[in-house]
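Have a look at the structure below, then the notes.
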Amino acid sequence: MATELLAVTFTPSTTAIGGSLTASALVGLLPLATFFVLLTGFKLKAWYSGLGALAVAAIVAVVGFDMPTSLTALSALQGITFGLFPVMWIVVTAIWFYELTVVSGRFEDLRRVFNTVGRGDMRVQAMLIAFCFGGMLEALAGFGAPVAITGAMLIALGMPPIRAAVTVLVANTAPVAFGAMAIPITTAGNLTGIPATEIAAVVGRQTPILALFVPLLLLFLVDGKRGMKQVWPIALVTGAVFALAQFWCSSHFSYELTDVVASLAGLAAAVTMLRFWHPATPDDQRSKVEPEKLSPSRTFLALFPYLLVVVVFGVAKLWTAGFDLPAWLSKTDRKVEWPGLYGNLLTDTGTPSSSAIYTFSWLSNPGTLLLICGIIVTAVYGFWTHGGRFPLTAGQSLTTFGTTVVKMRLAIATVATVLGLSYVMNQSGQTVSIGTWLAGTGAAFAFFSPMLGWLGTAVTGSDTSANALFAKLQQVAGQTAGIDPTLLVAANTSGGVVGKLVSPQNLTIAATAVGQVGSEPILLRKVIGYSLSMLLILCTLVYLQSTPVLSWMLP
């Protein structure tokens, strides 16, 4: 009997409900509505909301879109599996990699590096910590870690708590699209079939516009007009170099490393400039932390993990001299035709849907590369104990990995359920119906496209989740409306960047980090204007990129 059930074929339809596209789209919106209502209205945890929305999506798929129950269950299972690997594998290894620097004691040295670089000027230090170091943390960890860590660091400098929280929230915008080894873009690529490299290249022509001006905005937040007037040269240089590196790396190097390279480049530019230019620092803007002179070896070891990531990823993605390493790594990927689903889930032409193929990239995966980097860091920190520090042992490294998994358990459950929801909606035809219906707005949809990413991230706190919910929808809407689908998927990702600024999750993390629990409403009032202003800039940019006016910007 089970064999007969699994042998049933299914082809998604955009008019499954009463032969009407509008009715099908509105019914298809029920799972998304359920998710947002449970999360914001009933204040349930994100993974509970995702589980409830997944259940509604399954009911809509079976009852409304006539998808066989067995195929619906298999579709959800494929999505959950993808959420666990590669998505959360990358996130867990990235956060573990960062935690190794904390356990080893080298993180404190890195903090001192920023104190020394800023030459005692709180405004410069705040900009470099919140923007450059926060960008590195976003690249390696994401999920609120940059806001929590940099917020505490700004408090240590002597900055008022609310001002520190607002500063780190605004700083944690431009890097978000490429956060956690660019997992939002990787997720969008896997869901849409559009190469992630192509999505990254378009995002790299959108978010750098924000990155160019965010450091200047940070100076205004820290010290008002006086700060901008006195320190604008270094902010402009830092933002410009960060933006250029983000643009270049997203298209020509390794898109997973975009934020790491951009952050290091911005920091290097600031360090170089401060050798020849010093700001006029008022007494009330002098850091309360006295700079400590570090030896060259301690400075190197503090920066070593981040430099190592650049080297390892660069070699893995670009090394072709004598041996094509990227091609070899790609050959280790294993494509799995999802049992019971592949061959039974069909396209309009009657061919098996490629969405039912799961790719197990066990070696080429960024998470595995980060694991290798972490092992190397453990070995180096275990051998090189200069500065009176205890060696980092393999046991400590392993324990830290286990602790990281435990800490991330709710995030793992959330992403897994959201990806299960996404796969059921995509493969049953719900997403296609919604996308086709929204495409009725025609060319104007390009303007509204980033708003979906903003909404998804504002509610879930994750650009990855926003792409899981809306990337396929953006692709379908683009194909139907005659707009470049890659542009719209990238716009969803970029819109999520500024949605992170107002997400309840991020606001709570910021309030906690600066010791102002319960101040979320105050923070929201202070940052909502910046979020909406940047969203308007992105909406206008994406619309113009969809027209001949700025289409030359696209790759």
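As shown in the structure tokens, the chain order sets the letters A, B, ...; within each chain, residues go from 1, and ligands are also counted from 1 in the order they appear.
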
Go through region 9-200 of chain A and collect every residue that DSSP, computed from the backbone, puts in helix (DSSP H, G or I); the answer should be as a ChimeraX atom specification. /A:21-28,30-41,46-64,69-103,106-117,122-140,145-157,161-171,176-192,196-200

Write out as a PDB file with N, CA and C atoms, in the first residue's frame each polymer residue whose atoms come within 7 Å of region 445-452 of chain A, counting only C-alpha atoms; drop sequence neighbours fewer than 6 positions from it.
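out21.pdb, written as the output of this step:
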ATOM      1  N   ALA A 439       2.837  39.342  -9.322  1.00  0.00           N
ATOM      2  CA  ALA A 439       3.432  39.854 -10.557  1.00  0.00           C
ATOM      3  C   ALA A 439       2.436  40.675 -11.359  1.00  0.00           C
ATOM      4  N   LEU A 488      15.447  40.421  -8.319  1.00  0.00           N
ATOM      5  CA  LEU A 488      14.434  40.428  -7.269  1.00  0.00           C
ATOM      6  C   LEU A 488      14.833  39.550  -6.091  1.00  0.00           C
ATOM      7  N   ALA A 491      17.210  41.523  -4.286  1.00  0.00           N
ATOM      8  CA  ALA A 491      16.506  42.614  -3.604  1.00  0.00           C
ATOM      9  C   ALA A 491      15.869  42.123  -2.308  1.00  0.00           C
ATOM     10  N   ASN A 492      15.388  40.892  -2.307  1.00  0.00           N
ATOM     11  CA  ASN A 492      14.821  40.312  -1.089  1.00  0.00           C
ATOM     12  C   ASN A 492      15.893  40.231  -0.011  1.00  0.00           C
ATOM     13  N   SER A 494      18.744  42.037   0.123  1.00  0.00           N
ATOM     14  CA  SER A 494      19.167  43.384   0.508  1.00  0.00           C
ATOM     15  C   SER A 494      18.122  44.067   1.385  1.00  0.00           C
ATOM     16  N   GLY A 495      16.843  43.839   1.089  1.00  0.00           N
ATOM     17  CA  GLY A 495      15.792  44.409   1.929  1.00  0.00           C
ATOM     18  C   GLY A 495      15.864  43.879   3.347  1.00  0.00           C
ATOM     19  N   LEU A 538      16.793  51.543  -0.956  1.00  0.00           N
ATOM     20  CA  LEU A 538      16.931  50.259  -1.650  1.00  0.00           C
ATOM     21  C   LEU A 538      15.795  50.040  -2.649  1.00  0.00           C
ATOM     22  N   CYS A 539      14.563  50.368  -2.255  1.00  0.00           N
ATOM     23  CA  CYS A 539      13.426  50.195  -3.167  1.00  0.00           C
ATOM     24  C   CYS A 539      13.627  51.018  -4.441  1.00  0.00           C
ATOM     25  N   THR A 540      14.065  52.242  -4.269  1.00  0.00           N
ATOM     26  CA  THR A 540      14.302  53.119  -5.423  1.00  0.00           C
ATOM     27  C   THR A 540      15.441  52.576  -6.279  1.00  0.00           C
ATOM     28  N   VAL A 542      16.555  49.428  -6.543  1.00  0.00           N
ATOM     29  CA  VAL A 542      16.168  48.197  -7.242  1.00  0.00           C
ATOM     30  C   VAL A 542      15.251  48.513  -8.422  1.00  0.00           C
ATOM     31  N   TYR A 543      14.298  49.427  -8.206  1.00  0.00           N
ATOM     32  CA  TYR A 543      13.411  49.793  -9.313  1.00  0.00           C
ATOM     33  C   TYR A 543      14.209  50.367 -10.481  1.00  0.00           C
ATOM     34  N   SER A 546      16.040  47.884 -12.451  1.00  0.00           N
ATOM     35  CA  SER A 546      15.184  47.081 -13.334  1.00  0.00           C
ATOM     36  C   SER A 546      14.827  47.828 -14.617  1.00  0.00           C
TER      37      SER A 546
END

Restricting the calculation to only C-alpha atoms: of A:Asp66, A:Asn506, A:Lys43, A:Arg106, which residue gets closest to Pro391 (chain A)?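 The closest residue to Pro391 (chain A) is A:Arg106.
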
Any idea what the distance is between CA of Pro485 (chain A) and CA of Leu469 (chain A)?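 A separation of 15.6 Å between them.
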
For Ile199 (chain A), which of A:Ile412, A:Val231, A:Leu308, A:Ala490 is the closest residue, counting only C-alpha atoms?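 So, comparing all the options, the nearest one is A:Ala490.
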
Near region 355-367 of chain A, within 9 Å and counting only C-alpha atoms, which residues show up once chain neighbours fewer than 4 positions away are dropped, as JSON, numbers by chain? {"A": [75, 78, 81, 82, 85, 86, 87, 88, 89, 90, 91, 92, 93, 94, 181, 190, 191, 192, 193, 256, 313, 316, 326, 328, 329, 330, 331, 332, 333, 334, 335, 336, 337, 338, 339, 341, 342, 343, 345, 371, 372, 423, 426, 427]}

Kindly export the residues of the current selection with N, CA and C atoms, as a short mmCIF file (atom, residue, chain, number, x, y, z; two decimals), in the first residue's frame.
data_model
loop_
_atom_site.label_atom_id
_atom_site.label_comp_id
_atom_site.auth_asym_id
_atom_site.auth_seq_id
_atom_site.Cartn_x
_atom_site.Cartn_y
_atom_site.Cartn_z
N SER A 75 8.38 16.25 1.19
CA SER A 75 8.83 17.59 0.87
C SER A 75 9.27 18.32 2.13
N GLN A 78 12.59 16.94 3.29
CA GLN A 78 13.72 17.44 2.50
C GLN A 78 14.10 18.86 2.95
N THR A 81 15.85 18.77 6.32
CA THR A 81 17.21 18.27 6.15
C THR A 81 18.13 19.36 5.60
N PHE A 82 17.65 20.11 4.63
CA PHE A 82 18.44 21.20 4.08
C PHE A 82 18.69 22.28 5.14
N PHE A 85 21.49 20.75 7.26
CA PHE A 85 22.74 20.70 6.49
C PHE A 85 22.42 21.02 5.04
N PRO A 86 22.98 22.10 4.49
CA PRO A 86 24.16 22.81 5.00
C PRO A 86 23.90 24.04 5.85
N VAL A 87 22.64 24.52 5.95
CA VAL A 87 22.43 25.86 6.52
C VAL A 87 22.97 25.97 7.95
N MET A 88 22.44 25.18 8.88
CA MET A 88 22.86 25.33 10.27
C MET A 88 24.24 24.75 10.53
N TRP A 89 24.70 23.86 9.70
CA TRP A 89 26.08 23.38 9.82
C TRP A 89 27.05 24.55 9.63
N ILE A 90 26.76 25.40 8.67
CA ILE A 90 27.59 26.58 8.43
C ILE A 90 27.52 27.53 9.63
N VAL A 91 26.31 27.77 10.11
CA VAL A 91 26.13 28.72 11.22
C VAL A 91 26.81 28.23 12.49
N VAL A 92 26.63 26.95 12.81
CA VAL A 92 27.21 26.39 14.04
C VAL A 92 28.73 26.44 13.99
N THR A 93 29.32 26.02 12.87
CA THR A 93 30.78 26.04 12.79
C THR A 93 31.32 27.47 12.80
N ALA A 94 30.56 28.41 12.23
CA ALA A 94 31.00 29.82 12.23
C ALA A 94 31.02 30.37 13.65
N MET A 181 28.96 33.47 6.70
CA MET A 181 29.49 32.93 5.44
C MET A 181 28.45 33.01 4.32
N ASN A 190 19.92 27.89 -3.37
CA ASN A 190 19.44 26.51 -3.34
C ASN A 190 17.94 26.42 -3.57
N LEU A 191 17.19 27.38 -3.07
CA LEU A 191 15.73 27.34 -3.20
C LEU A 191 15.26 27.71 -4.61
N THR A 192 15.99 28.60 -5.27
CA THR A 192 15.54 29.10 -6.58
C THR A 192 16.24 28.42 -7.75
N GLY A 193 17.38 27.78 -7.50
CA GLY A 193 18.14 27.21 -8.60
C GLY A 193 19.02 28.23 -9.30
N GLU A 256 31.31 34.02 -0.08
CA GLU A 256 31.16 33.67 1.33
C GLU A 256 32.06 34.53 2.22
N PHE A 313 39.63 29.96 2.48
CA PHE A 313 38.52 30.10 1.54
C PHE A 313 39.03 30.55 0.17
N ALA A 316 40.52 27.50 -1.49
CA ALA A 316 39.48 26.53 -1.83
C ALA A 316 38.62 27.00 -3.01
N PRO A 326 39.01 24.06 -6.75
CA PRO A 326 37.56 24.26 -6.70
C PRO A 326 36.78 23.18 -7.45
N TRP A 328 37.78 20.12 -8.04
CA TRP A 328 37.90 18.85 -7.31
C TRP A 328 36.95 18.82 -6.12
N LEU A 329 36.87 19.95 -5.40
CA LEU A 329 35.96 20.01 -4.26
C LEU A 329 34.51 19.84 -4.71
N SER A 330 34.17 20.44 -5.85
CA SER A 330 32.80 20.32 -6.37
C SER A 330 32.47 18.87 -6.72
N LYS A 331 33.47 18.13 -7.18
CA LYS A 331 33.24 16.73 -7.54
C LYS A 331 32.93 15.86 -6.33
N THR A 332 33.28 16.35 -5.14
CA THR A 332 32.99 15.56 -3.94
C THR A 332 31.53 15.70 -3.50
N ASP A 333 30.81 16.69 -4.08
CA ASP A 333 29.39 16.85 -3.75
C ASP A 333 28.61 15.62 -4.20
N ARG A 334 27.63 15.27 -3.43
CA ARG A 334 26.78 14.12 -3.76
C ARG A 334 25.35 14.58 -3.96
N LYS A 335 24.83 14.37 -5.17
CA LYS A 335 23.44 14.75 -5.46
C LYS A 335 22.54 13.55 -5.18
N VAL A 336 21.56 13.77 -4.34
CA VAL A 336 20.65 12.70 -3.91
C VAL A 336 19.26 12.98 -4.46
N GLU A 337 18.75 12.07 -5.27
CA GLU A 337 17.37 12.16 -5.74
C GLU A 337 16.48 11.73 -4.58
N TRP A 338 15.79 12.71 -3.99
CA TRP A 338 15.08 12.45 -2.73
C TRP A 338 14.13 11.27 -2.87
N PRO A 339 14.36 10.20 -2.10
CA PRO A 339 13.56 8.97 -2.23
C PRO A 339 12.06 9.23 -2.08
N LEU A 341 10.18 11.18 -3.62
CA LEU A 341 9.75 12.49 -4.11
C LEU A 341 10.22 12.72 -5.54
N TYR A 342 11.49 12.42 -5.79
CA TYR A 342 12.02 12.62 -7.15
C TYR A 342 11.36 11.60 -8.10
N GLY A 343 10.88 12.10 -9.20
CA GLY A 343 10.20 11.24 -10.16
C GLY A 343 8.70 11.26 -10.00
N LEU A 345 7.27 14.07 -8.17
CA LEU A 345 6.99 15.51 -8.25
C LEU A 345 7.42 15.97 -9.64
N LEU A 371 35.36 24.39 9.78
CA LEU A 371 35.79 23.35 10.71
C LEU A 371 37.30 23.13 10.59
N ILE A 372 37.78 23.08 9.35
CA ILE A 372 39.22 22.92 9.11
C ILE A 372 39.99 24.10 9.69
N TYR A 423 9.81 24.53 1.74
CA TYR A 423 9.79 23.46 0.74
C TYR A 423 8.37 22.99 0.44
N ASN A 426 6.77 25.70 -1.65
CA ASN A 426 7.35 25.75 -2.99
C ASN A 426 6.90 24.58 -3.86
N GLN A 427 6.99 23.38 -3.30
CA GLN A 427 6.76 22.19 -4.12
C GLN A 427 5.29 21.84 -4.29
#

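Excluding Arg205 (chain A) and any residue on its chain fewer than 4 positions from it, the residues at most 10 Å away by only C-alpha atoms are Ala200, Ala201, Ile209, Ala243, Leu244, Gln246, Phe247, Trp248, Ser250, Ser251, Ala490, Ser494, Leu541, Val542, Gln545, Met553, Leu554 and Pro555 of chain A.
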
Writer output for current selection, N, CA and C atoms, as a PDB file, in the first residue's frame:
ATOM      1  N   ALA A 200      24.820  36.804  -5.366  1.00  0.00           N
ATOM      2  CA  ALA A 200      25.795  37.576  -4.583  1.00  0.00           C
ATOM      3  C   ALA A 200      26.324  38.767  -5.370  1.00  0.00           C
ATOM      4  N   ALA A 201      26.548  38.559  -6.661  1.00  0.00           N
ATOM      5  CA  ALA A 201      27.083  39.648  -7.490  1.00  0.00           C
ATOM      6  C   ALA A 201      26.102  40.816  -7.564  1.00  0.00           C
ATOM      7  N   ILE A 209      26.080  50.493  -1.408  1.00  0.00           N
ATOM      8  CA  ILE A 209      25.571  51.872  -1.377  1.00  0.00           C
ATOM      9  C   ILE A 209      25.294  52.284   0.068  1.00  0.00           C
ATOM     10  N   ALA A 243      32.959  49.363   1.088  1.00  0.00           N
ATOM     11  CA  ALA A 243      32.004  49.214  -0.013  1.00  0.00           C
ATOM     12  C   ALA A 243      32.674  48.650  -1.261  1.00  0.00           C
ATOM     13  N   LEU A 244      33.860  49.161  -1.596  1.00  0.00           N
ATOM     14  CA  LEU A 244      34.567  48.661  -2.769  1.00  0.00           C
ATOM     15  C   LEU A 244      34.970  47.201  -2.602  1.00  0.00           C
ATOM     16  N   GLN A 246      33.489  45.026  -0.667  1.00  0.00           N
ATOM     17  CA  GLN A 246      32.256  44.223  -0.701  1.00  0.00           C
ATOM     18  C   GLN A 246      31.820  43.984  -2.145  1.00  0.00           C
ATOM     19  N   PHE A 247      31.865  45.025  -2.938  1.00  0.00           N
ATOM     20  CA  PHE A 247      31.523  44.905  -4.358  1.00  0.00           C
ATOM     21  C   PHE A 247      32.458  43.939  -5.066  1.00  0.00           C
ATOM     22  N   TRP A 248      33.775  44.098  -4.863  1.00  0.00           N
ATOM     23  CA  TRP A 248      34.754  43.275  -5.579  1.00  0.00           C
ATOM     24  C   TRP A 248      34.679  41.818  -5.148  1.00  0.00           C
ATOM     25  N   SER A 250      32.273  40.111  -3.711  1.00  0.00           N
ATOM     26  CA  SER A 250      31.014  39.435  -4.025  1.00  0.00           C
ATOM     27  C   SER A 250      30.972  38.942  -5.466  1.00  0.00           C
ATOM     28  N   SER A 251      31.769  39.556  -6.337  1.00  0.00           N
ATOM     29  CA  SER A 251      31.743  39.191  -7.753  1.00  0.00           C
ATOM     30  C   SER A 251      32.988  38.467  -8.226  1.00  0.00           C
ATOM     31  N   ALA A 490      17.897  38.992  -5.185  1.00  0.00           N
ATOM     32  CA  ALA A 490      18.920  39.804  -4.517  1.00  0.00           C
ATOM     33  C   ALA A 490      18.270  40.928  -3.724  1.00  0.00           C
ATOM     34  N   SER A 494      18.744  42.037   0.123  1.00  0.00           N
ATOM     35  CA  SER A 494      19.167  43.384   0.508  1.00  0.00           C
ATOM     36  C   SER A 494      18.122  44.067   1.385  1.00  0.00           C
ATOM     37  N   LEU A 541      16.514  52.123  -5.622  1.00  0.00           N
ATOM     38  CA  LEU A 541      17.667  51.583  -6.349  1.00  0.00           C
ATOM     39  C   LEU A 541      17.285  50.355  -7.167  1.00  0.00           C
ATOM     40  N   VAL A 542      16.555  49.428  -6.543  1.00  0.00           N
ATOM     41  CA  VAL A 542      16.168  48.197  -7.242  1.00  0.00           C
ATOM     42  C   VAL A 542      15.251  48.513  -8.422  1.00  0.00           C
ATOM     43  N   GLN A 545      17.342  49.850 -11.121  1.00  0.00           N
ATOM     44  CA  GLN A 545      18.166  48.782 -11.702  1.00  0.00           C
ATOM     45  C   GLN A 545      17.356  47.894 -12.636  1.00  0.00           C
ATOM     46  N   MET A 553      24.353  48.803 -13.939  1.00  0.00           N
ATOM     47  CA  MET A 553      25.009  48.409 -12.690  1.00  0.00           C
ATOM     48  C   MET A 553      25.056  46.901 -12.509  1.00  0.00           C
ATOM     49  N   LEU A 554      24.132  46.185 -13.148  1.00  0.00           N
ATOM     50  CA  LEU A 554      24.016  44.753 -12.929  1.00  0.00           C
ATOM     51  C   LEU A 554      25.078  43.987 -13.723  1.00  0.00           C
ATOM     52  N   PRO A 555      25.516  42.842 -13.202  1.00  0.00           N
ATOM     53  CA  PRO A 555      26.547  42.062 -13.910  1.00  0.00           C
ATOM     54  C   PRO A 555      26.019  41.464 -15.204  1.00  0.00           C
TER      55      PRO A 555
END

What's the 9 Å shell around region 153-161 of chain A, counting only C-alpha atoms, without same-chain residues fewer than 6 positions away, as a list in words? Arg111, Asn115, Met122, Gln125, Ala126, Ile129, Ala130, Thr167, Val168, Val222, Gln285, Arg286, Ser287, Lys288, Val289, Ala511, Ala513, Val514, Gly515 and Gln516 of chain A

For N, CA and C atoms, I'd like the residues from the last selection saved as a CSV table (one decimal), in the first residue's frame.
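New file selection-v5.csv:
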chain,number,residue,atom,x,y,z
A,111,ARG,N,40.4,43.1,21.0
A,111,ARG,CA,39.7,44.3,21.5
A,111,ARG,C,40.7,45.4,21.8
A,115,ASN,N,41.3,49.4,20.4
A,115,ASN,CA,41.6,50.5,21.3
A,115,ASN,C,42.8,51.3,20.9
A,122,MET,N,37.0,58.1,21.1
A,122,MET,CA,35.9,57.2,21.3
A,122,MET,C,35.1,57.1,20.0
A,125,GLN,N,37.0,54.8,17.6
A,125,GLN,CA,36.9,53.4,18.1
A,125,GLN,C,35.5,52.8,18.0
A,126,ALA,N,34.5,53.6,18.3
A,126,ALA,CA,33.1,53.1,18.1
A,126,ALA,C,32.8,52.7,16.7
A,129,ILE,N,34.9,49.5,15.8
A,129,ILE,CA,34.3,48.3,16.5
A,129,ILE,C,33.0,47.9,16.0
A,130,ALA,N,32.1,48.9,15.9
A,130,ALA,CA,30.7,48.6,15.5
A,130,ALA,C,30.6,48.2,14.0
A,167,THR,N,23.9,52.6,18.1
A,167,THR,CA,25.1,52.6,17.2
A,167,THR,C,25.3,51.2,16.7
A,168,VAL,N,25.3,50.2,17.5
A,168,VAL,CA,25.6,48.9,17.0
A,168,VAL,C,24.5,48.3,16.2
A,222,VAL,N,27.1,58.9,17.5
A,222,VAL,CA,27.9,59.0,18.6
A,222,VAL,C,28.1,60.4,19.1
A,285,GLN,N,35.1,63.1,24.5
A,285,GLN,CA,35.1,62.0,23.5
A,285,GLN,C,36.4,61.1,23.6
A,286,ARG,N,37.1,61.3,24.7
A,286,ARG,CA,38.3,60.4,24.9
A,286,ARG,C,37.9,59.1,25.5
A,287,SER,N,38.4,58.0,25.0
A,287,SER,CA,38.0,56.7,25.5
A,287,SER,C,38.5,56.6,27.0
A,288,LYS,N,37.6,55.9,27.8
A,288,LYS,CA,38.0,55.7,29.2
A,288,LYS,C,38.9,54.4,29.3
A,289,VAL,N,39.1,53.7,28.2
A,289,VAL,CA,40.0,52.6,28.2
A,289,VAL,C,41.4,53.0,27.7
A,511,ALA,N,19.5,45.6,23.8
A,511,ALA,CA,19.1,46.1,25.1
A,511,ALA,C,19.8,45.3,26.2
A,513,ALA,N,22.6,43.6,26.0
A,513,ALA,CA,24.1,43.8,25.9
A,513,ALA,C,24.5,45.0,26.6
A,514,VAL,N,23.7,46.1,26.6
A,514,VAL,CA,24.1,47.4,27.2
A,514,VAL,C,23.5,47.5,28.6
A,515,GLY,N,22.9,46.5,29.1
A,515,GLY,CA,22.4,46.5,30.4
A,515,GLY,C,21.1,47.3,30.6
A,516,GLN,N,20.3,47.4,29.6
A,516,GLN,CA,19.1,48.2,29.6
A,516,GLN,C,17.9,47.3,29.2

Identify, on the basis of only C-alpha atoms, every residue whose closest approach to Leu419 (chain A) does not exceed 7 Å; exclude the query and any residue fewer than 2 positions from it along the same chain; express the result as a PyMOL selection string. chain A and resi 79-80+83+415-417+421-423+468

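Coordinates place CA of Thr493 (chain A) at a distance of 13.7 Å from CA of Met534 (chain A).
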
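The protein and nucleic acid residues lying at most 8 Å from Leu318 (chain A) are Phe253, Ser254, Gly314, Val315, Leu325 and Pro326 of chain A, with only C-alpha atoms considered and sequence neighbours fewer than 3 positions away removed.
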
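Minimum atom-to-atom distances from A:Val27, A:Val311, A:Leu77, A:Ala139 to Ala61 (chain A) were compared using only C-alpha atoms, and the lowest value belongs to A:Val27.
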
Counting only C-alpha atoms, which residue out of A:Ser24, A:Thr378, A:Ser49, A:Ser397 sits closest to Leu410 (chain A)?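 Selected residue with least distance to Leu410 (chain A): A:Ser49.
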
Counting only C-alpha atoms, the option among A:Leu71, A:Leu217, A:Leu369, A:Ala269 closest to Val309 (chain A): A:Leu369

Best match for closeness to Gly429 (chain A) among A:Ile183, A:Leu346, A:Leu219, A:Val37, counting only C-alpha atoms: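 Comparing A:Ile183, A:Leu346, A:Leu219, A:Val37 against Gly429 (chain A), the winner is A:Leu346.
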
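Across the structure, CA of Thr393 (chain A) and CA of Val103 (chain A) are spaced 10.1 Å apart.
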